[in-house]
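**Student:** I am attaching a structure below and will ask some questions about it afterwards.
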Amino acid sequence: MQPVGAVHARIVAGVGDRTVSPSPREGRPMASIALFHSVLGVRPGVLDAAERLRAAGHEVLVVDQYGGRVFDDYEEAGAYVDRVGFPALMQAAVDAVADLPDGFVVAGFSNGAGMAEYVATQRSCRGALLVAGALPLAVLGVDAWPAGVPVQVHHSEGDPKHAPEWLDAFAADVRRAPAPVEVFGYPGEGHLFTDPSLPAEYDGQATELFWSRALAFVGRT
């Protein structure tokens, strides 16, 4: 992932507002998932992701670190990002999942993928699902990935914000744990390619393929 903003190791931090919606199925959900939004905030793509996961029987915590603020422009969002700071964001991410019992899955889009990574190194998690982003652990100030925690990463091959060297470094960190890691690339140039409210980036075919893989991954964890 190549985070938006003047300093790539700085991502937006907020108060860690959060909402929880129960699974639509009766009984115990298959998994509990903490979902982190991109630099643009909780856009329709994030809400759609939460509903797809809930429809599959999972319980989803949507972490809104912007307190409801949503951006349409990456530069504007990046400027907001730069006013906040990375350490505060990391702490807010950990605080947001304080009420979740150990064994949840972390998931995130773009900058939110970095937050999902960090939480997975601070809590006992079952897996990490990362979309359009992956940060080397050194950027997070973390020494090692937790042993045995599987990771699945998805990105558009032509995404101008994609940093292949960062993804390669993160994948190496995970394998060194050791832990399994899957990386999937999709044709196209959209960064948030699963968000239908971003027509210049959205790819419906890639989105459906992504979900077939992502739901299988979460189900396995």
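Every chain in the structure tokens has a letter given in the order shown (A, B, ...), and although residue numbers restart at 1 in each chain, ligands are simply numbered from 1 in the order shown.
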In chain A, what's alpha helix (DSSP H) per DSSP? Answer as a ChimeraX atom specification?
**Tutor:** /A:44-55,74-82,86-96,111-122,164-176,204-220
**Student:** As a count of residues only, which residues of stretch 44-167 of chain A does DSSP assign to strand (DSSP E or B)?
**Tutor:** 25
**Student:** Quick one: residues within 10 Å of A:Asp195, only C-alpha atoms, excluding same-chain residues fewer than 5 positions away - as an MDAnalysis selection string?
**Tutor:** chainID A and resid 43:49 190 200:204 207
**Student:** List the neighbours of stretch 151-166 of chain A out to 8 Å using only C-alpha atoms; skip same-chain residues closer than 5 positions along the sequence, and give me the result as number ranges by chain.
**Tutor:** A: 1-4, 127-136, 174, 179-191, 193, 210, 214, 217
**Student:** Set the distance at 12 Å and use only C-alpha atoms: which residues neighbour A:Pro178 once local chain neighbours fewer than 2 positions away are removed? I'd like the list as a list in words.
**Tutor:**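 After dropping sequence-adjacent residues, the list is Ala144, Trp145, Pro146, Ala147, Gly148, Val149, Pro150, Val151, Ala171, Ala172, Asp173, Val174, Arg175, Arg176, Pro180 and Val181 of chain A.
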**Student:** Quick one: residues within 12 Å of A:Val97, only C-alpha atoms counted, chain neighbours fewer than 5 positions away excluded, as an NGL selection string?
**Tutor:** :A and (16-20 or 32-36 or 60-64 or 90-92 or 102-106 or 115-116 or 118-120 or 122-125)
**Student:** Using only C-alpha atoms, pick whichever of A:Leu192, A:Leu53, A:Ala169, A:Ala88 has the shortest atom-to-atom distance to A:Ala206.
**Tutor:**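 Under the stated criterion, the closest residue is A:Leu192.
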**Student:** Just want the 8 Å neighbourhood of A:Ser38, counted on only C-alpha atoms, with same-chain residues fewer than 5 positions away dropped. Output as a PyMOL selection string.
**Tutor:** chain A and resi 108-113
**Student:** Of the residues A:Arg54, A:Asp72, A:Ala79, A:Val42, which is the one nearest to A:Pro199, using only C-alpha atoms?
**Tutor:**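 Closest to A:Pro199, using only C-alpha atoms: A:Asp72.
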**Student:** Under the rule that only C-alpha atoms are counted, which of A:Asp168, A:Arg126, A:Ser197, A:Tyr66 is the nearest residue to A:Arg220?
**Tutor:**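 Smallest distance to A:Arg220 is found for A:Arg126.
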